[in-house]
There are 2 protein chains.
Amino acid sequence: LSEKTSSSRRKPLRPAAASAGRPHARPSTIKDVARAAGVSAGTVSRVTSNNPTVQPHVRAQVLAAIKRLGYRPNAIAQSMRTAETKLIGCLVADLSNPLYSAIFKSAEAVLAAAGYTLLIASTEDNIEREVQLVEAFARRRVDGLMGVMSTETDPRLLQALEEANIPLLLMEREIDLNADGIATDHIGGMRQATDHLIALGHRRIALITGPITTRSGRDRVAGYRAAHEAASLAIDETLLRCESLATTFAFTETQRLLSMAAPPTAIIAGGNLMLAGVLRALNLLGRAVPRDVSVLSSGETELAELAAPPVTVIRWDLAAFGREAASLMLSRLQNPDGEPRKMVIPCELILRKSCAPPAK
Amino acid sequence: LSEKTSSSRRKPLRPAAASAGRPHARPSTIKDVARAAGVSAGTVSRVTSNNPTVQPHVRAQVLAAIKRLGYRPNAIAQSMRTAETKLIGCLVADLSNPLYSAIFKSAEAVLAAAGYTLLIASTEDNIEREVQLVEAFARRRVDGLMGVMSTETDPRLLQALEEANIPLLLMEREIDLNADGIATDHIGGMRQATDHLIALGHRRIALITGPITTRSGRDRVAGYRAAHEAASLAIDETLLRCESLATTFAFTETQRLLSMAAPPTAIIAGGNLMLAGVLRALNLLGRAVPRDVSVLSSGETELAELAAPPVTVIRWDLAAFGREAASLMLSRLQNPDGEPRKMVIPCELILRKSCAPPAK
């Protein structure tokens, strides 16, 4: 394999192995400048793009740090002009999630029309693997990197993303990096869903979803809480099961919830893979929907549409998500030093027959 | 992008653009030798690997052709030793098919354990795009290429695959190339399914599936025919709808089939994406399963399992398919000049409640 490197995008030395004796071996990044100047990466970006909203004394601090560290804000742009690969790397935690495949399919069409090829790799929520893939994509000089990262906080991933020095688009995640972002409005979606169940008379609504350490779990819980607050209802925290988006987790937690002394009268599957787990558990326990328990799911699927009864879902436009993600990436490639942009895809509630007033 | 090339794996010149004036510019392939010697690529491979089953006069012919064309059977092996990228390219027609994602997920785990990264790209059944992707993977020097090609016959794709000169694993396809292959036993699966419906008393069984120009469609039709033949039943050819594996095709054809003067009493969805289309059409027409029509589907899905009634399916082990695919690829990388190997993953019939004797 050709591993020719240019100084502007050279893969930095691994810190553990090599940097100990050569602390300044890697090129300075925007985060180094931000840290040195005591500001955010966004502020550094505003300074380098001559954005007039930066206060003069802040600008002076940032420029001093840029000079001291030898930071070159146009590194990516320069490299881009000379060495486009027309490849976009894409990381996804779970390849078998049909929502992500629908999004990538739509993103891929837009990128292909612009001459780019989307290469998808699966991280399986394994952080070591994810770091390796980021490094591999950087070595192969993809023009951009997008994806659903497995973590928002692990320093190994954050460092790898920063050192990759590639235009980055975060999907459904919120990470303090100089990156574009696109996410579903899970706060709004879950708010509508919970409002609906409360309006039907439910007072014990369970939510099974992913951990609040990632945006999609955090936002769903926020929407759930906001709906309760708006209705002046207290929340029984034992009805919140926020650990994983896996089908098996939903299967287990549904059984546990329904064996409580005061079981929930409605269950929200806060993740599209979870509905199958909830329905399997209800089948196993012989509970009828919505007579014994109302069911609502986040994310439209064929299962939700064609189950008996069909399941009320929080739906968003996956094709639009993919198209907008691709457009954000293409804009970034044209303007590598522009302000990071964040985009939110709205949700709607599709009412079907799986929700009804709770039994008296 | 670095495009350093070595003579052994240099991307051949595009025939239309450049080869016209330089017909011998690309290195000879095993197919060139096979053509020149009037034998199959497999026979050439057997000669170069000193397989004793080749007849002496055939061996002499092949060796003469090898000499004449300057063919180097160890080109890939040599390149491998000096220039491994540890990347495996993967082409898939439809990223949003959950069966393929399950297969790739499992293949990826085996490949990752061996230090390889699987890069997946979507072809969307677009032949120009597929050719470009094969060329792109070849330029990026992936160590191997696997996937579900959109065609078995289009000369543009066959030429691109041959010129790529990369170890190749065909999934669910049968192409006359020096390649390994893995496929589901759709003949056996569809035979079992059709046998079952015939045993229930059905005499008008519709099959909706992909075109017989690709292996998966062809094999399903073969299994369907074999079951009828074994039962000495004539086939009404108007009940065979073999054009596409798309959900929308199944939706349309189900409506057409049920509007026939003598409609089928059972419908087989010969492709896992098709079940949703069949069920949507039946919902629309107000037909009950299995009272009005029996339904059977090829490929296990959550929809088949959790539909009401649950749907009888032809099931095969997707994880095993992925694991075996990865193993075939790894063996090939260790032994680039070995005989092509073909593997078949067996099917079983999972009986659920969607099939019953036809109404009198």
# chains A, B, ... in the order shown; residues from 1 in each chain; ligands from 1
$ select_by_dssp --residues "stretch 97-344 of chain A" --states "alpha helix (DSSP H)" --output "PyMOL selection string"
chain A and resi 98-113+127-139+155-164+186-199+215-230+247-258+274-285+302-306+318-334
$ closest_atom_pairs --of "chain A" --to "chain B" --cutoff "8 Å" --atoms "only C-alpha atoms" --output "Markdown table"
| residue | atom | partner | partner_atom | distance |
| --- | --- | --- | --- | --- |
| A:Leu1 | CA | B:Ala83 | CA | 4.8 |
| A:Ser2 | CA | B:Lys4 | CA | 6.1 |
| A:Glu3 | CA | B:Ser2 | CA | 7.5 |
| A:Lys4 | CA | B:Ser2 | CA | 6.3 |
| A:Ala83 | CA | B:Leu1 | CA | 4.7 |
| A:Glu84 | CA | B:Leu1 | CA | 6.0 |
| A:Thr85 | CA | B:Leu1 | CA | 5.4 |
| A:Leu95 | CA | B:Ser101 | CA | 5.6 |
| A:Ser96 | CA | B:Ser101 | CA | 4.7 |
| A:Asn97 | CA | B:Pro98 | CA | 7.5 |
| A:Pro98 | CA | B:Ser96 | CA | 5.8 |
| A:Ser101 | CA | B:Ser96 | CA | 4.7 |
| A:Ala102 | CA | B:Ser96 | CA | 5.6 |
| A:Phe104 | CA | B:Leu95 | CA | 8.0 |
| A:Lys105 | CA | B:Leu95 | CA | 6.5 |
| A:Glu108 | CA | B:Ser122 | CA | 7.7 |
| A:Thr117 | CA | B:Ala121 | CA | 7.6 |
| A:Leu118 | CA | B:Ala121 | CA | 6.3 |
| A:Leu119 | CA | B:Ala121 | CA | 5.3 |
| A:Ile120 | CA | B:Ile120 | CA | 4.9 |
| A:Ala121 | CA | B:Leu119 | CA | 5.3 |
| A:Ser122 | CA | B:Lys105 | CA | 7.5 |
| A:Leu133 | CA | B:Thr117 | CA | 7.9 |
| A:Arg141 | CA | B:Leu1 | CA | 7.1 |
| A:Ala276 | CA | B:Glu302 | CA | 6.7 |
| A:Leu279 | CA | B:Leu306 | CA | 7.4 |
| A:Arg280 | CA | B:Leu306 | CA | 7.5 |
| A:Glu302 | CA | B:Ala276 | CA | 6.7 |
| A:Leu303 | CA | B:Leu303 | CA | 4.9 |
| A:Leu306 | CA | B:Ala307 | CA | 6.7 |
| A:Ala307 | CA | B:Ala307 | CA | 5.1 |
| A:Ala308 | CA | B:Ala308 | CA | 5.6 |
$ write_last_selection --atoms "C-alpha atoms" --output "mmCIF file, in the first residue's frame"
data_model
loop_
_atom_site.group_PDB
_atom_site.id
_atom_site.type_symbol
_atom_site.label_atom_id
_atom_site.label_comp_id
_atom_site.auth_asym_id
_atom_site.auth_seq_id
_atom_site.Cartn_x
_atom_site.Cartn_y
_atom_site.Cartn_z
ATOM 1 C CA LEU A 1 0.000 0.000 0.000
ATOM 2 C CA SER A 2 1.166 3.432 -0.776
ATOM 3 C CA GLU A 3 1.525 5.394 2.416
ATOM 4 C CA LYS A 4 2.933 8.564 0.954
ATOM 5 C CA ALA A 83 -4.898 15.388 -2.960
ATOM 6 C CA GLU A 84 -8.609 14.749 -3.188
ATOM 7 C CA THR A 85 -9.477 11.074 -2.992
ATOM 8 C CA LEU A 95 -24.740 -2.105 10.250
ATOM 9 C CA SER A 96 -27.877 -4.129 10.702
ATOM 10 C CA ASN A 97 -29.960 -1.193 11.869
ATOM 11 C CA PRO A 98 -32.284 -0.521 8.914
ATOM 12 C CA SER A 101 -28.913 1.822 6.088
ATOM 13 C CA ALA A 102 -31.799 3.953 4.807
ATOM 14 C CA PHE A 104 -26.663 5.974 4.158
ATOM 15 C CA LYS A 105 -28.480 4.888 1.047
ATOM 16 C CA GLU A 108 -24.765 7.865 -0.882
ATOM 17 C CA THR A 117 -17.816 7.326 -3.036
ATOM 18 C CA LEU A 118 -19.114 6.473 0.425
ATOM 19 C CA LEU A 119 -17.158 3.694 2.126
ATOM 20 C CA ILE A 120 -18.918 2.281 5.149
ATOM 21 C CA ALA A 121 -17.239 0.437 8.007
ATOM 22 C CA SER A 122 -18.861 -1.069 11.046
ATOM 23 C CA LEU A 133 -11.022 2.713 11.670
ATOM 24 C CA ARG A 141 -6.902 10.069 3.057
ATOM 25 C CA ALA A 276 -39.216 -6.380 18.243
ATOM 26 C CA LEU A 279 -43.412 -7.336 21.165
ATOM 27 C CA ARG A 280 -41.587 -10.639 21.748
ATOM 28 C CA GLU A 302 -42.062 -2.346 8.456
ATOM 29 C CA LEU A 303 -42.639 -4.209 11.687
ATOM 30 C CA LEU A 306 -47.512 -4.240 9.636
ATOM 31 C CA ALA A 307 -47.727 -5.579 13.202
ATOM 32 C CA ALA A 308 -51.183 -6.433 14.523
#
$ residues_around --residues "B:Val311" --least-positions-apart "4" --cutoff "8 Å" --atoms "only C-alpha atoms" --output "mmCIF file with N, CA, C and O atoms, in the first residue's frame"
data_model
loop_
_atom_site.group_PDB
_atom_site.id
_atom_site.type_symbol
_atom_site.label_atom_id
_atom_site.label_comp_id
_atom_site.auth_asym_id
_atom_site.auth_seq_id
_atom_site.Cartn_x
_atom_site.Cartn_y
_atom_site.Cartn_z
ATOM 1 N N VAL B 295 -49.549 -17.530 2.914
ATOM 2 C CA VAL B 295 -48.371 -16.715 2.591
ATOM 3 C C VAL B 295 -47.129 -17.379 3.162
ATOM 4 O O VAL B 295 -47.141 -17.881 4.298
ATOM 5 N N LEU B 296 -46.081 -17.390 2.369
ATOM 6 C CA LEU B 296 -44.812 -17.993 2.783
ATOM 7 C C LEU B 296 -43.711 -17.072 2.256
ATOM 8 O O LEU B 296 -43.841 -16.505 1.178
ATOM 9 N N SER B 297 -42.645 -16.908 3.050
ATOM 10 C CA SER B 297 -41.615 -15.942 2.644
ATOM 11 C C SER B 297 -40.225 -16.559 2.696
ATOM 12 O O SER B 297 -39.954 -17.454 3.500
ATOM 13 N N ALA B 304 -41.640 -11.205 9.649
ATOM 14 C CA ALA B 304 -42.208 -12.545 9.488
ATOM 15 C C ALA B 304 -42.501 -13.160 10.851
ATOM 16 O O ALA B 304 -43.558 -13.768 11.067
ATOM 17 N N GLU B 305 -41.591 -12.970 11.786
ATOM 18 C CA GLU B 305 -41.738 -13.582 13.110
ATOM 19 C C GLU B 305 -42.894 -12.967 13.893
ATOM 20 O O GLU B 305 -43.627 -13.665 14.591
ATOM 21 N N ALA B 307 -45.409 -10.791 12.703
ATOM 22 C CA ALA B 307 -46.665 -10.462 12.022
ATOM 23 C C ALA B 307 -47.795 -11.290 12.647
ATOM 24 O O ALA B 307 -47.547 -12.264 13.347
ATOM 25 N N LEU B 351 -42.120 -23.542 10.147
ATOM 26 C CA LEU B 351 -43.581 -23.549 10.002
ATOM 27 C C LEU B 351 -44.235 -22.626 11.024
ATOM 28 O O LEU B 351 -44.006 -22.754 12.224
ATOM 29 N N ARG B 352 -45.031 -21.672 10.547
ATOM 30 C CA ARG B 352 -45.793 -20.803 11.443
ATOM 31 C C ARG B 352 -47.255 -20.867 11.034
ATOM 32 O O ARG B 352 -47.704 -21.898 10.531
ATOM 33 N N LYS B 353 -48.006 -19.813 11.244
ATOM 34 C CA LYS B 353 -49.453 -19.948 11.065
ATOM 35 C C LYS B 353 -50.011 -19.315 9.798
ATOM 36 O O LYS B 353 -51.212 -19.139 9.658
ATOM 37 N N SER B 354 -49.138 -18.957 8.861
ATOM 38 C CA SER B 354 -49.617 -18.248 7.674
ATOM 39 C C SER B 354 -49.997 -19.174 6.521
ATOM 40 O O SER B 354 -50.408 -18.695 5.470
ATOM 41 N N CYS B 355 -49.816 -20.471 6.723
ATOM 42 C CA CYS B 355 -50.162 -21.426 5.664
ATOM 43 C C CYS B 355 -51.181 -22.433 6.182
ATOM 44 O O CYS B 355 -51.023 -22.966 7.280
#
$ select_by_dssp --residues "stretch 125-330 of chain A" --states "strand (DSSP E or B)" --output "ChimeraX atom specification"
/A:144-147,168-171,180-184,205-209,240-242,266-270,294-298,312-316
$ residues_around --residues "B:Ala41" --least-positions-apart "5" --cutoff "8 Å" --atoms "only C-alpha atoms" --output "list in words"
Ile30, Lys31, Val33, Ala34, Leu177 and Asn178 of chain B
$ atom_distance --atom1 "atom CA of A:Phe249" --atom2 "atom CA of A:Arg218"
17.2 Å
$ residues_around --residues "B:Gln61" --least-positions-apart "3" --cutoff "6 Å" --atoms "only C-alpha atoms" --output "JSON, numbers by chain"
{"B": [37, 58, 64]}
$ closest_residue --among "B:Val39, B:Ala138, B:Met274, B:Leu284" --to "B:Thr209" --atoms "only C-alpha atoms"
B:Met274
$ residues_around --residues "B:Leu200" --least-positions-apart "4" --cutoff "8 Å" --atoms "only C-alpha atoms" --output "PyMOL selection string"
chain B and resi 196+356-358
$ write_last_selection --atoms "all heavy atoms" --output "mmCIF file, in the first residue's frame"
data_model
loop_
_atom_site.group_PDB
_atom_site.id
_atom_site.type_symbol
_atom_site.label_atom_id
_atom_site.label_comp_id
_atom_site.auth_asym_id
_atom_site.auth_seq_id
_atom_site.Cartn_x
_atom_site.Cartn_y
_atom_site.Cartn_z
ATOM 1 N N HIS B 196 -44.344 -28.188 0.862
ATOM 2 C CA HIS B 196 -45.228 -27.974 2.009
ATOM 3 C C HIS B 196 -46.598 -27.470 1.550
ATOM 4 O O HIS B 196 -47.646 -27.973 1.988
ATOM 5 C CB HIS B 196 -44.575 -26.973 2.961
ATOM 6 C CG HIS B 196 -45.441 -26.544 4.098
ATOM 7 N ND1 HIS B 196 -45.915 -27.427 5.045
ATOM 8 C CD2 HIS B 196 -45.933 -25.324 4.452
ATOM 9 C CE1 HIS B 196 -46.660 -26.769 5.929
ATOM 10 N NE2 HIS B 196 -46.686 -25.493 5.590
ATOM 11 N N ALA B 356 -52.206 -22.670 5.387
ATOM 12 C CA ALA B 356 -53.265 -23.610 5.770
ATOM 13 C C ALA B 356 -53.806 -24.217 4.474
ATOM 14 O O ALA B 356 -53.535 -23.707 3.381
ATOM 15 C CB ALA B 356 -54.373 -22.871 6.521
ATOM 16 N N PRO B 357 -54.589 -25.300 4.568
ATOM 17 C CA PRO B 357 -55.196 -25.848 3.349
ATOM 18 C C PRO B 357 -56.042 -24.778 2.661
ATOM 19 O O PRO B 357 -56.616 -23.907 3.334
ATOM 20 C CB PRO B 357 -56.076 -26.985 3.876
ATOM 21 C CG PRO B 357 -55.458 -27.382 5.179
ATOM 22 C CD PRO B 357 -54.918 -26.109 5.756
ATOM 23 N N PRO B 358 -56.124 -24.811 1.333
ATOM 24 C CA PRO B 358 -56.914 -23.804 0.624
ATOM 25 C C PRO B 358 -58.393 -23.951 0.937
ATOM 26 O O PRO B 358 -58.858 -25.063 1.227
ATOM 27 C CB PRO B 358 -56.633 -24.099 -0.852
ATOM 28 C CG PRO B 358 -56.160 -25.520 -0.894
ATOM 29 C CD PRO B 358 -55.503 -25.791 0.416
#
$ residues_around --residues "A:Glu172" --least-positions-apart "2" --cutoff "7 Å" --atoms "only C-alpha atoms" --output "PyMOL selection string"
chain A and resi 148+170+182-184+215-216
